[in-house]
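Chemist: Contents are PDB, C-alpha atoms; file name query.pdb:
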```
ATOM      1  CA  MET N   1       0.000   0.000   0.000
ATOM      2  CA  GLU N   2       1.193   3.495  -0.831
ATOM      3  CA  VAL N   3      -0.012   6.844   0.468
ATOM      4  CA  GLN N   4       0.522  10.164  -1.307
ATOM      5  CA  LEU N   5      -0.663  13.553  -0.088
ATOM      6  CA  LYS N   6      -1.779  15.759  -2.968
ATOM      7  CA  ASP N   7      -3.829  18.947  -2.638
ATOM      8  CA  GLY N   8      -4.907  18.031   0.901
ATOM      9  CA  ILE N   9      -6.195  14.582  -0.119
ATOM     10  CA  TYR N  10      -4.530  11.311   0.869
ATOM     11  CA  HIS N  11      -4.402   9.084  -2.230
ATOM     12  CA  ILE N  12      -4.217   5.425  -1.227
ATOM     13  CA  SER N  13      -3.091   2.825  -3.756
ATOM     14  CA  GLY N  14      -2.215  -0.858  -3.843
ATOM     15  CA  ASP N  15      -3.457  -3.551  -1.496
ATOM     16  CA  ILE N  16      -4.708  -3.123   2.069
ATOM     17  CA  THR N  17      -3.964  -6.380   3.855
ATOM     18  CA  GLU N  18      -2.610  -7.672   7.166
ATOM     19  CA  THR N  19       0.900  -6.802   5.936
ATOM     20  CA  CYS N  20       0.176  -3.054   5.847
ATOM     21  CA  ASP N  21       1.940  -1.014   8.477
ATOM     22  CA  LEU N  22      -0.295   1.987   9.014
ATOM     23  CA  SER N  23       1.407   3.123  12.223
ATOM     24  CA  GLY N  24       3.920   5.240  10.305
ATOM     25  CA  PHE N  25       1.267   7.479   8.798
ATOM     26  CA  GLY N  26       0.395  10.399  11.024
ATOM     27  CA  LEU N  27      -2.602  12.450   9.964
ATOM     28  CA  PRO N  28      -4.061  15.771  11.010
ATOM     29  CA  SER N  29      -7.076  15.743  13.326
ATOM     30  CA  GLY N  30     -10.606  16.472  12.186
ATOM     31  CA  ASN N  31     -11.841  15.770   8.679
ATOM     32  CA  VAL N  32      -9.368  13.815   6.529
ATOM     33  CA  GLN N  33     -10.033  13.071   2.863
ATOM     34  CA  PHE N  34      -9.006   9.741   1.338
ATOM     35  CA  ASP N  35      -9.121   8.989  -2.383
ATOM     36  CA  LEU N  36      -9.346   5.197  -2.537
ATOM     37  CA  GLY N  37      -9.659   4.919  -6.322
ATOM     38  CA  ASN N  38      -6.371   3.076  -6.801
ATOM     39  CA  ILE N  39      -6.888   0.353  -4.217
ATOM     40  CA  ARG N  40      -6.639  -3.032  -5.927
ATOM     41  CA  THR N  41      -7.775  -5.206  -3.023
ATOM     42  CA  ILE N  42      -8.716  -4.910   0.615
ATOM     43  CA  ASN N  43      -9.209  -8.064   2.657
ATOM     44  CA  SER N  44     -10.851  -8.559   6.049
ATOM     45  CA  CYS N  45      -7.535  -8.311   7.902
ATOM     46  CA  GLY N  46      -6.754  -5.098   6.029
ATOM     47  CA  VAL N  47     -10.138  -3.692   7.025
ATOM     48  CA  ARG N  48      -9.411  -4.559  10.664
ATOM     49  CA  GLU N  49      -6.042  -2.758  10.469
ATOM     50  CA  TRP N  50      -7.637   0.261   8.777
ATOM     51  CA  ILE N  51     -10.434   0.539  11.368
ATOM     52  CA  THR N  52      -7.973   0.271  14.271
ATOM     53  CA  TRP N  53      -5.776   2.967  12.706
ATOM     54  CA  ILE N  54      -8.695   5.359  12.085
ATOM     55  CA  GLN N  55      -9.984   4.867  15.650
ATOM     56  CA  LYS N  56      -6.560   5.546  17.182
ATOM     57  CA  LEU N  57      -6.174   8.763  15.205
ATOM     58  CA  LYS N  58      -9.658   9.968  16.132
ATOM     59  CA  ILE N  59     -10.313  11.496  12.725
ATOM     60  CA  ASN N  60     -13.414  11.950  10.581
ATOM     61  CA  PRO N  61     -12.616  10.064   7.368
ATOM     62  CA  ILE N  62     -14.127  11.255   4.094
ATOM     63  CA  TYR N  63     -13.883   8.574   1.401
ATOM     64  CA  SER N  64     -14.001   9.284  -2.319
ATOM     65  CA  ASN N  65     -13.667   7.315  -5.540
ATOM     66  CA  CYS N  66     -14.208   4.025  -3.672
ATOM     67  CA  PRO N  67     -13.695   1.002  -5.955
ATOM     68  CA  GLN N  68     -15.734  -2.200  -5.869
ATOM     69  CA  SER N  69     -13.362  -3.942  -3.417
ATOM     70  CA  VAL N  70     -13.865  -1.168  -0.851
ATOM     71  CA  VAL N  71     -17.638  -0.960  -1.353
ATOM     72  CA  MET N  72     -17.909  -4.702  -0.737
ATOM     73  CA  GLN N  73     -16.116  -4.237   2.604
ATOM     74  CA  PHE N  74     -18.403  -1.282   3.494
ATOM     75  CA  ASN N  75     -21.290  -3.719   3.177
ATOM     76  CA  MET N  76     -19.685  -6.570   5.124
ATOM     77  CA  VAL N  77     -18.011  -4.663   7.985
ATOM     78  CA  LYS N  78     -20.279  -1.987   9.431
ATOM     79  CA  GLU N  79     -17.474  -0.539  11.572
ATOM     80  CA  PHE N  80     -15.649   0.472   8.367
ATOM     81  CA  LEU N  81     -18.163   3.307   8.056
ATOM     82  CA  SER N  82     -18.173   4.681  11.578
ATOM     83  CA  ASN N  83     -20.577   7.364  12.744
ATOM     84  CA  ASN N  84     -18.105  10.096  11.887
ATOM     85  CA  SER N  85     -17.226   8.932   8.348
ATOM     86  CA  ARG N  86     -18.654  10.059   5.004
ATOM     87  CA  VAL N  87     -18.640   8.629   1.509
ATOM     88  CA  GLU N  88     -18.302  11.373  -1.107
ATOM     89  CA  SER N  89     -18.228   9.033  -4.109
ATOM     90  CA  PHE N  90     -17.915   5.408  -5.139
ATOM     91  CA  GLN N  91     -17.552   3.421  -8.345
ATOM     92  CA  ILE N  92     -19.997   1.081 -10.083
ATOM     93  CA  PRO N  93     -18.515  -1.374 -12.569
ATOM     94  CA  ALA N  94     -20.700  -1.939 -15.636
ATOM     95  CA  TYR N  95     -20.591  -4.203 -18.663
ATOM     96  CA  CYS N  96     -22.289  -4.451 -22.072
ATOM     97  CA  GLU N  97     -22.949  -8.063 -23.060
ATOM     98  CA  ASN N  98     -23.441  -7.177 -26.728
ATOM     99  CA  CYS N  99     -20.207  -5.299 -27.461
ATOM    100  CA  GLY N 100     -18.097  -6.324 -24.435
ATOM    101  CA  GLU N 101     -17.422  -2.751 -23.348
ATOM    102  CA  GLN N 102     -16.623  -2.236 -19.684
ATOM    103  CA  LYS N 103     -17.162   1.067 -17.900
ATOM    104  CA  VAL N 104     -16.871   2.398 -14.390
ATOM    105  CA  TYR N 105     -19.413   4.981 -13.271
ATOM    106  CA  LEU N 106     -18.740   7.378 -10.409
ATOM    107  CA  MET N 107     -21.647   7.931  -8.022
ATOM    108  CA  ARG N 108     -21.421  11.224  -6.110
ATOM    109  CA  SER N 109     -23.096  12.083  -2.835
ATOM    110  CA  GLY N 110     -25.902  14.593  -3.308
ATOM    111  CA  LYS N 111     -25.970  13.971  -7.066
ATOM    112  CA  GLU N 112     -26.360  10.314  -8.055
ATOM    113  CA  PHE N 113     -27.074   9.117  -4.511
ATOM    114  CA  GLN N 114     -28.437  10.533  -1.265
ATOM    115  CA  PRO N 115     -26.875   9.293   2.004
ATOM    116  CA  GLY N 116     -29.402   7.454   4.156
ATOM    117  CA  LYS N 117     -31.774   6.764   1.257
ATOM    118  CA  LYS N 118     -32.232   3.766  -0.999
ATOM    119  CA  LEU N 119     -30.481   4.216  -4.338
ATOM    120  CA  GLU N 120     -32.695   4.724  -7.348
ATOM    121  CA  TYR N 121     -30.484   5.281 -10.356
ATOM    122  CA  ASP N 122     -30.342   4.082 -13.942
ATOM    123  CA  LEU N 123     -26.958   3.705 -15.585
ATOM    124  CA  LYS N 124     -26.313   5.609 -18.789
ATOM    125  CA  LYS N 125     -26.898   3.467 -21.844
ATOM    126  CA  CYS N 126     -24.071   2.153 -23.996
ATOM    127  CA  GLU N 127     -23.359   4.620 -26.801
ATOM    128  CA  LYS N 128     -23.123   1.914 -29.482
ATOM    129  CA  GLU N 129     -26.133   0.964 -31.610
ATOM    130  CA  GLY N 130     -28.123  -1.953 -30.188
ATOM    131  CA  CYS N 131     -26.150  -2.183 -26.956
ATOM    132  CA  SER N 132     -27.302  -1.885 -23.378
ATOM    133  CA  ILE N 133     -24.815  -1.545 -20.566
ATOM    134  CA  GLU N 134     -25.735  -3.026 -17.194
ATOM    135  CA  SER N 135     -24.307  -2.905 -13.711
ATOM    136  CA  ASP N 136     -21.786  -5.646 -13.066
ATOM    137  CA  VAL N 137     -22.938  -5.895  -9.425
ATOM    138  CA  ASP N 138     -26.134  -6.855  -7.606
ATOM    139  CA  PHE N 139     -27.860  -3.544  -6.821
ATOM    140  CA  GLU N 140     -29.518  -4.697  -3.594
ATOM    141  CA  SER N 141     -26.348  -5.938  -1.917
ATOM    142  CA  TYR N 142     -23.851  -3.504  -3.495
ATOM    143  CA  PHE N 143     -25.747  -0.372  -2.459
ATOM    144  CA  TYR N 144     -26.816  -1.594   0.962
ATOM    145  CA  PHE N 145     -24.282   0.655   2.753
ATOM    146  CA  ILE N 146     -25.850   3.867   1.355
ATOM    147  CA  GLU N 147     -28.931   3.535   3.535
ATOM    148  CA  SER N 148     -26.781   3.480   6.681
ATOM    149  CA  LEU N 149     -24.891   6.677   5.789
ATOM    150  CA  LYS N 150     -25.654   9.901   7.589
ATOM    151  CA  SER N 151     -26.837  12.742   5.392
TER
END
```
Could you render the structure as structure tokens?
Modeler:
Amino acid sequence: MEVQLKDGIYHISGDITETCDLSGFGLPSGNVQFDLGNIRTINSCGVREWITWIQKLKINPIYSNCPQSVVMQFNMVKEFLSNNSRVESFQIPAYCENCGEQKVYLMRSGKEFQPGKKLEYDLKKCEKEGCSIESDVDFESYFYFIESLKS
């Protein structure tokens, strides 16, 4: 896992697993923004390490650009999204069976989704003639975490 600070946002990349040593990363107090868009994988041990680290620092994490691997953990480990955390945006993988095109859509808080409310959103259609792009995830389970978010 790598961490880069750019324009006040901590960009996290790589894999978050039990081998990550988060103790070396000191952060400011208060609201801290994390761009998680370049995380490849995050396993249950990595989630445990992340939660412990966030709790020790006593910060208010703001997550953006969350990939599928992170969203899946949001849904499985409720402590990942503590009372003081926010999700600014997350990704939805999509696929067109007809042409094989793959896309990733970014869902933004206050625009494509409302924290604390069930998601009602239709993906943009594939731009090619006769194609229809569909979400590559199960809507009910993938978007479960949104209803637990504070607005």
Chemist: So that I can check the surroundings of N:Gly24, please list as a list in words every protein, DNA and RNA residue that reaches within 12 Å of it, counting only C-alpha atoms and ignoring chain neighbours fewer than 4 positions away.
Modeler: Glu2, Val3, Cys20, Trp53 and Leu57 of chain N
Chemist: Report as an mmCIF file with C-alpha atoms, keeping the file's coordinate frame all protein, DNA and RNA residues lying within 10 Å of N:Arg108, evaluated on all atoms listed in the file, omitting residues in the same chain fewer than 6 positions from it.
Modeler:
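So the final result, stored in result-v5.cif, reads:
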```cif
data_model
loop_
_atom_site.group_PDB
_atom_site.id
_atom_site.type_symbol
_atom_site.label_atom_id
_atom_site.label_comp_id
_atom_site.auth_asym_id
_atom_site.auth_seq_id
_atom_site.Cartn_x
_atom_site.Cartn_y
_atom_site.Cartn_z
ATOM 1 C CA SER N 64 -14.001 9.284 -2.319
ATOM 2 C CA ASN N 65 -13.667 7.315 -5.540
ATOM 3 C CA VAL N 87 -18.640 8.629 1.509
ATOM 4 C CA GLU N 88 -18.302 11.373 -1.107
ATOM 5 C CA SER N 89 -18.228 9.033 -4.109
ATOM 6 C CA PHE N 90 -17.915 5.408 -5.139
ATOM 7 C CA GLN N 91 -17.552 3.421 -8.345
ATOM 8 C CA GLN N 114 -28.437 10.533 -1.265
ATOM 9 C CA PRO N 115 -26.875 9.293 2.004
#
```
Chemist: Select, from N:Gln4, N:Gln68, N:Ser141, N:Asn38, the residue with the minimum atom-to-atom distance to N:Met107, counting only C-alpha atoms.
Modeler: N:Gln68
Chemist: Would you kindly return, as a list in words, each protein, DNA or RNA residue with an atom no farther than 8 Å from any atom of N:Gln33, considering all atoms listed in the file and excluding same-chain residues fewer than 4 positions away?
Modeler: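 In the requested format, the answer is Gly8, Ile9, Tyr10, Pro61, Ile62, Tyr63 and Ser64 of chain N.
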Chemist: Which one of N:Val77, N:Cys66, N:Val32, N:Leu119 sits closest to N:Tyr105 if you count only C-alpha atoms?
Modeler: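 Checking each of N:Val77, N:Cys66, N:Val32, N:Leu119 against N:Tyr105, counting only C-alpha atoms, the winner is N:Cys66.
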Chemist: Just to confirm, what's the straight-line distance from atom CA of N:Gln55 to atom CA of N:Asn31 in Å (one decimal)?
Modeler: 13.1 Å
Chemist: Can you pull out the residues contacting N:Cys96? Cut-off 6 Å, using all atoms listed in the file, and skip same-chain residues under 3 positions away; I want them as a PyMOL selection string.
Modeler: chain N and resi 99-101+132-133
Chemist: Assuming the chain letters and numbering stay as they are in my file, what does the PyMOL selection byres ((chain N and resi 76) around 12) actually select? List them as a list in words.
Modeler: Ile42, Asn43, Ser44, Val47, Arg48, Ser69, Val70, Val71, Met72, Gln73, Phe74, Asn75, Val77, Lys78, Glu79, Phe80, Leu81, Ser141, Tyr142, Phe143, Tyr144 and Phe145 of chain N
Chemist: Quick one: distance from atom CA of N:Pro93 to atom CA of N:Ser135 in Å, one decimal?
Modeler: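 Answer for the atom CA of N:Pro93 to atom CA of N:Ser135 separation: 6.1 Å.
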Chemist: Could you check the closest approach to N:Arg40 for each of N:Val137, N:Pro67, N:Gly116, N:Asp21 and tell me which residue wins, using all atoms listed in the file?
Modeler: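 Looking at the shortest contact to N:Arg40, the residue is N:Pro67.
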Chemist: Counting only C-alpha atoms, what is within 6 Å of N:Ala94, bar same-chain residues fewer than 2 positions away, as a list in words?
Modeler: Gln102, Lys103, Val104, Glu134, Ser135 and Asp136 of chain N
Chemist: Go through the shown structure with the PyMOL selection byres ((chain N and resi 39) around 7) and write out the matching residues as an MDAnalysis selection string.
Modeler: chainID N and resid 12:15 36:38 40:41
Chemist: Work out how far apart atom CA of N:Glu140 and atom CA of N:Phe113 are and give it in Å to one decimal.
Modeler: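 Separation between atom CA of N:Glu140 and atom CA of N:Phe113: 14.1 Å.
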Chemist: Hey, which of N:Gly130, N:Leu5, N:Lys150, N:Asn84 ends up closest to N:Gly110? Count all atoms listed in the file.
Modeler: N:Lys150
Chemist: Just need the box for stretch 76-92 of chain N, edges along x, y and z, holding every atom the file lists for it with 8 Å tacked onto each side, so centre and edge lengths in Å to one decimal, as lines of an AutoDock Vina configuration file.
Modeler:
```
center_x = -18.1
center_y = 2.4
center_z = 1.3
size_x = 20.9
size_y = 33.9
size_z = 38.8
```
